[in-house]
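**Student:** To start, I am sharing the structure in question, which I have written as structure tokens.
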Amino acid sequence: MRFMRYPNFPLVAYFAALMLAPTWVYAHAEHDKVRYVAETGKDEGRCDQISAPCQTIAYAAKQAGKGDQIQVAEGRYEITDLDSIFYLSSNVVPVTGSYQKKTFQKPAAPATNSILVGVPAEFAQGLAEQGFQVISDTKGLNRSEQDYLNAKQSQLSAMAAAQTAVPCEQGKAGEFSCHKLDLLAHVPLATLGNSNSRGNDIWGHFDLNDNREYALVGLTNGVSIVEVTDPVNPRVVSFIASQNTIWRDLKTYQYFDETRRRWMSYAYVTADAASVGTMILDLNQLPDRAVLVSSERTDTSAHNIYISNVDYSTGVALTGKQPYMHVAGSDKQGGAFNSYSLANPINPTSVYKNPANSRNWYSHDVSSLWITDARREQCVDNNNDCDVMLDYNEDEILLWDKTDNAKPFNLARTTYQYVSYVHSGWWTEDKQFITVHDELDEQNYGLNTRVRFFAINNLRAPELAGEYIGPTPAIDHNGYTRGNRYYISNYERGLVVLDISDPRNPKEAGFFDTYPIANSASFNGAWGTYPYLPSGNILVGDINSGLYVIRDKTADVQGQVQFSAARIDAKEGDTVQVVLQRTGGSEGAVEVFYETQSGNAGAADFSAVTGSVSWADGDASEKIMSIPILADGAGNEFSERFFVRLYNPRNGLSLASPNLVQVVIADKPDEPVISSSSANSSSAASSAVNNSVVASTPGATSKSGGGGGSVPTPLLALLLVVLAIKSKRHFYGH
């Protein structure tokens with residue numbers, strides 16, 4: 001363990017600062033800031049220091065993030081650029097004037113105003129109320145200038161308007177730039193929470209009781225639950241208010257309750273720079289409502305939450321695994337991840353807290369994967385499969401063996417060139433690579449979007465293997481893998497989809513720009529995305545404009561693979577025949593892997609299988625795999641369910657939907673599910689999760705796809721905190 005996280009910083013000062021620093025020091029304060037503008041300023045840096053203002057409104061606006069405002073000192077400003085006119089008139093970033101030059105205080109009766117010269121008369125209305133004196137440009141704007149501003153205003157209006165079924169055609173979906181991604185629905189912020197709310201993270205939920213799909217949308221003032229089963233008719237089901245904060249994170253867990261004879265679901269929501277703990281939302285009254293059922297307050301606030309050992313589409317525990325909740329960036333233990341058992345879903349039980357209580361182990365975000373191949377020899381118990389946690393630790397990527405969640409063991413610490421703020425990441429479905437999102441390298445080093453891919457063939461020494469470099473300086477925030485596609489919330493550029501068939505050479509496959517008015521390295525636009533709904537539809541949560549539901553059309557000439565049906569009904573003793581289809585292209589030899597997941601069925605109910613299915617170049621024929629349903633002799637059981645999932649398509653083949661099939665085994669009709677939900681509320685389940693086939697009888701011909709303490713004086717405390725902040729290149733991130 002390192003005793004000092006940052007060199008050239010006195011050890012005593014470091015620990016004192018840790019003890020005394022208020023929450024906001026660690027709460028990633030690049031938000032709700034003032035950006036300063038003065039006649040004598042320079043358009044450089046972040047414009048967030050009174051002593052170093054910038055010179056133009058447009059430059060200051062491009063540095064602004066969520067909740068920021070621009071203050072303009074008294075003086076005379078020639079408005080010669082259209083972007084300054086746009087920001088003055090649009091309120092995208094609130095702009096006010098007539099502040100004192102040296103202090104940026106608002107005098108009781110200002111001797112002089114902030115004088116704007118050159119603002120066309122049609123844009124001058126209301127600027128006096130914002131503290132400006134306007135000398136209008138009598139000649140007005142020429143046609144191209146007017147068109148430019150009209151286009152910006154139209155884009156801004158689109159961000160606030162509900163829209164449905166807008167295809168991406170010739171690079172546009174209405175006012176949104178795009179490529180191979182259609183807009184199915186946009187639900188604006190005013191509908192999700194209220195006009196004063198802002199968006200943050202997002203997750204999805206698939207209710208196995210009725211096959212409905214939902215978006216769980218984090219907001220500054222709470223959480224909104226939106227049904228998206230019919231994606232072009234989204235319906236806000238519930239808004240759950242909470243303490244106001246910039247940051248929320250959400251995850252879900254679903255399990256089968258034998259007593260109630262129904263699937264039970266809960267959402268877990270953390271909030272940073274807040275005091276609400278981890279909120280637990282009861283999703284079991286959907287589709288009518290969702291409610292707050294309890295809060296876990298061991299961690300008063302936290303930046304992120306992750307649930308391990310579950311399928312990301314269903315939230316159901318993986319076969320033979322127990323789900324764990326991991327809280328990252330907590331106000332306890334220096335922000336190290338804390339782990340909880342979900343054996344009691346509404347009362348999580350602590351199983352691990354870092355004993356060091358040191359900022360050295362701060363976790364900003366985490367994810368995890370199981371290692372089942374020869375690399376498990378690099379883990380603590382080299383005879384069994386190994387659960388590896390990916391820990392994004394501000395300055396490094398850490399790998400932990402957390403097979404025993406009560407005793408995680410650090411396997412590796414890795415960094416890279418231009419490291420600025422190691423924020424988050426995920427892993428490829430072949431489990432050979434991990435991704436890294438650095439939230440500040442674009443700002444600190446003037447880079448374009450940069451997503452890094454590390455090879456983990458050596459768990460003790462991950463190695464940089466590839467990079468995606470985008471066409472703009474927009475900041476990459478979060479990302480998730482589905483098949484050979486990697487879905488990135490790219491802040492001001494919106495949703496970006498990468499083809500990661502070769503992670504050493506990732507390529508952009510599509511994008512949808514949810515923040516069309518800019519593409520700068522600022523904290524606006526797409527915060528999070530969720531690509532795991534069984535329908536295949538993609539959810540995007542945007543800070544400035546709300547929820548987007550997107551259809552992915554990025555498949556290439558190699559085609560897509562899917563199941564012929566999303567549900568198969570079977571009885572004991574049957575043989576389930578699962579049909580795989582290659583559609584939309586047949587170029588090249590391709591392969592896809594499959595596995596079964598137990599759901600609420602068990603080893604006595606079906607034969608678990610894993611393996612792969614291949615197609616030769618030009619082959620688009622259906623492939624059939626067979627799964628025996630066991631006759632356990634009971635003969636009177638209610639329905640049991642297991643899943644078959646496609647993953648890790650190779651050689652350019654991509655996943656279509658359905659890529660998850662439910663196999664339902666029933667000997668007698670189920671009793672009515674115990675539920676408070678109304679059967680006539682909202683829309684019916686989509687065809688993607690309703691179509692079904694019946695299993696074959698034993699003996700039917702089949703083709704298998706193959707196997708496989710004391711406190712210093714306040715002044716000293718303040719000085720120590722300042723030293724801590726100055727010693728670190730950055731304390732913020734999102």
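So you can find residues: chains in the structure tokens are A, B, ... in the order shown, residues in each start at 1, and ligands are numbered from 1 in order.
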Fewer than 3 positions away in the same chain doesn't count, so skip those; otherwise give me all residues within 12 Å of segment 556-558 of chain A, counting only C-alpha atoms, as a PyMOL selection string.
**Tutor:** chain A and resi 180+484-485+499+501+508-510+552-553+561+582-591+615-620+649-656
**Student:** Near Asn458 of chain A, within 12 Å and counting only C-alpha atoms, which residues show up once chain neighbours fewer than 3 positions away are dropped, as an MDAnalysis selection string?
**Tutor:** chainID A and resid 371 373:379 399 411:412 414 431:434 454:455 461:464
**Student:** Would you please work out which residue, of A:Phe132, A:Tyr362, A:Trp400, A:Phe86, is nearest to Gln155 of chain A when using only C-alpha atoms?
**Tutor:**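 With only C-alpha atoms as the atom set, the closest residue is A:Phe86.
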**Student:** Determine which residues of segment 100-234 of chain A receive a DSSP assignment of strand (DSSP E), computed from the backbone, and state them as a VMD selection string.
**Tutor:** chain A and resid 114 to 120 132 to 137 163 to 166 172 to 173 176 to 179 181 to 187 199 to 207 212 to 219 222 to 227
**Student:** Include C-alpha atoms and write out the residues we just selected as an mmCIF file, in the first residue's frame.
**Tutor:**
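Generated file (selection_39.cif):
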data_model
loop_
_atom_site.group_PDB
_atom_site.id
_atom_site.type_symbol
_atom_site.label_atom_id
_atom_site.label_comp_id
_atom_site.auth_asym_id
_atom_site.auth_seq_id
_atom_site.Cartn_x
_atom_site.Cartn_y
_atom_site.Cartn_z
ATOM 1 C CA SER A 114 -22.014 45.334 -18.654
ATOM 2 C CA ILE A 115 -22.507 46.944 -22.043
ATOM 3 C CA LEU A 116 -23.106 44.652 -25.004
ATOM 4 C CA VAL A 117 -22.396 46.195 -28.374
ATOM 5 C CA GLY A 118 -23.630 44.541 -31.533
ATOM 6 C CA VAL A 119 -26.528 42.427 -30.278
ATOM 7 C CA PRO A 120 -29.295 42.524 -32.885
ATOM 8 C CA PHE A 132 -26.883 44.208 -19.401
ATOM 9 C CA GLN A 133 -27.143 47.456 -21.304
ATOM 10 C CA VAL A 134 -27.573 46.724 -24.986
ATOM 11 C CA ILE A 135 -26.403 48.847 -27.885
ATOM 12 C CA SER A 136 -28.081 47.090 -30.766
ATOM 13 C CA ASP A 137 -26.532 46.403 -34.107
ATOM 14 C CA GLN A 163 -40.807 13.110 -29.729
ATOM 15 C CA THR A 164 -41.436 9.600 -31.010
ATOM 16 C CA ALA A 165 -40.539 7.461 -34.019
ATOM 17 C CA VAL A 166 -37.977 9.704 -35.723
ATOM 18 C CA LYS A 172 -30.362 13.511 -39.016
ATOM 19 C CA ALA A 173 -33.212 12.395 -36.770
ATOM 20 C CA PHE A 176 -30.391 15.437 -33.758
ATOM 21 C CA SER A 177 -27.317 14.395 -35.733
ATOM 22 C CA CYS A 178 -27.038 10.611 -35.977
ATOM 23 C CA HIS A 179 -25.653 7.608 -37.813
ATOM 24 C CA LEU A 181 -29.329 4.926 -34.648
ATOM 25 C CA ASP A 182 -33.054 5.771 -34.772
ATOM 26 C CA LEU A 183 -34.950 7.789 -32.183
ATOM 27 C CA LEU A 184 -37.867 5.753 -30.851
ATOM 28 C CA ALA A 185 -38.836 8.197 -28.100
ATOM 29 C CA HIS A 186 -37.643 11.244 -26.221
ATOM 30 C CA VAL A 187 -39.142 12.024 -22.790
ATOM 31 C CA GLY A 199 -30.648 14.164 -15.515
ATOM 32 C CA ASN A 200 -27.897 11.839 -14.325
ATOM 33 C CA ASP A 201 -27.503 8.069 -14.558
ATOM 34 C CA ILE A 202 -29.906 5.497 -15.950
ATOM 35 C CA TRP A 203 -30.592 1.759 -15.726
ATOM 36 C CA GLY A 204 -33.230 -0.608 -17.076
ATOM 37 C CA HIS A 205 -35.610 -3.198 -15.652
ATOM 38 C CA PHE A 206 -37.338 -6.187 -17.283
ATOM 39 C CA ASP A 207 -40.229 -7.533 -15.193
ATOM 40 C CA ARG A 212 -42.669 -5.290 -19.434
ATOM 41 C CA GLU A 213 -39.612 -3.078 -19.850
ATOM 42 C CA TYR A 214 -38.784 0.034 -17.827
ATOM 43 C CA ALA A 215 -36.265 2.850 -17.717
ATOM 44 C CA LEU A 216 -35.093 3.962 -14.273
ATOM 45 C CA VAL A 217 -33.988 7.555 -14.761
ATOM 46 C CA GLY A 218 -31.847 9.337 -12.185
ATOM 47 C CA LEU A 219 -32.598 13.034 -11.700
ATOM 48 C CA GLY A 222 -35.300 12.065 -7.494
ATOM 49 C CA VAL A 223 -35.903 9.021 -9.683
ATOM 50 C CA SER A 224 -38.416 8.589 -12.490
ATOM 51 C CA ILE A 225 -39.726 5.154 -13.547
ATOM 52 C CA VAL A 226 -40.821 5.047 -17.187
ATOM 53 C CA GLU A 227 -42.436 2.083 -18.938
#
**Student:** List every residue of segment 375-464 of chain A that DSSP, applied to the backbone of this structure, places in helix (DSSP H, G or I), and write the result as a list in words.
**Tutor:**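 Residues of segment 375-464 of chain A classed as helix (DSSP H, G or I): Arg375, Arg376, Glu377, Gln378, Asp441, Glu442, Gln443, Asn444 and Tyr445 of chain A.
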**Student:** Output the selection as an mmCIF file, in the first residue's frame - C-alpha atoms for each residue.
**Tutor:**
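So result-v6.cif came out as:
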data_model
loop_
_atom_site.group_PDB
_atom_site.id
_atom_site.type_symbol
_atom_site.label_atom_id
_atom_site.label_comp_id
_atom_site.auth_asym_id
_atom_site.auth_seq_id
_atom_site.Cartn_x
_atom_site.Cartn_y
_atom_site.Cartn_z
ATOM 1 C CA ARG A 375 -6.056 -17.453 -15.839
ATOM 2 C CA ARG A 376 -7.704 -18.479 -12.589
ATOM 3 C CA GLU A 377 -4.269 -19.813 -11.661
ATOM 4 C CA GLN A 378 -3.283 -16.151 -11.200
ATOM 5 C CA ASP A 441 -7.877 13.686 -20.191
ATOM 6 C CA GLU A 442 -9.738 15.546 -22.927
ATOM 7 C CA GLN A 443 -9.733 18.721 -20.819
ATOM 8 C CA ASN A 444 -6.267 18.409 -19.318
ATOM 9 C CA TYR A 445 -4.383 17.429 -22.464
#
**Student:** Give me, as JSON lines, the closest atom pair and its distance (Å, one decimal) for every residue of segment 581-643 of chain A within a cut-off of 12 Å of segment 318-328 of chain A, counting only C-alpha atoms, rows sorted by chain and rising number.
**Tutor:**
{"residue": "A:Glu595", "atom": "CA", "partner": "A:Thr319", "partner_atom": "CA", "distance": 10.4}
{"residue": "A:Thr596", "atom": "CA", "partner": "A:Thr319", "partner_atom": "CA", "distance": 8.4}
{"residue": "A:Gln597", "atom": "CA", "partner": "A:Thr319", "partner_atom": "CA", "distance": 5.5}
{"residue": "A:Ser598", "atom": "CA", "partner": "A:Thr319", "partner_atom": "CA", "distance": 5.4}
{"residue": "A:Gly599", "atom": "CA", "partner": "A:Thr319", "partner_atom": "CA", "distance": 7.5}
{"residue": "A:Asn600", "atom": "CA", "partner": "A:Thr319", "partner_atom": "CA", "distance": 9.6}
{"residue": "A:Ala601", "atom": "CA", "partner": "A:Thr319", "partner_atom": "CA", "distance": 9.8}
{"residue": "A:Gly602", "atom": "CA", "partner": "A:Thr319", "partner_atom": "CA", "distance": 8.9}
{"residue": "A:Ala603", "atom": "CA", "partner": "A:Thr319", "partner_atom": "CA", "distance": 9.9}
{"residue": "A:Ala608", "atom": "CA", "partner": "A:Thr319", "partner_atom": "CA", "distance": 9.7}
{"residue": "A:Val609", "atom": "CA", "partner": "A:Thr319", "partner_atom": "CA", "distance": 11.8}
{"residue": "A:Phe642", "atom": "CA", "partner": "A:Thr319", "partner_atom": "CA", "distance": 9.8}
{"residue": "A:Phe643", "atom": "CA", "partner": "A:Thr319", "partner_atom": "CA", "distance": 10.2}
**Student:** Using only C-alpha atoms, can you tell me which of A:Pro531, A:Gly41, A:Gly334, A:Pro658 comes closest to Leu580 of chain A?
**Tutor:**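 Counting only C-alpha atoms, the residue closest to Leu580 of chain A is A:Pro658.
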**Student:** Between A:Tyr99, A:Lys507, A:Thr514, A:Asp230, which is the closest to Arg493 of chain A once you count only C-alpha atoms?
**Tutor:**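 Going through A:Tyr99, A:Lys507, A:Thr514, A:Asp230 one by one, the smallest distance to Arg493 of chain A is for A:Thr514.
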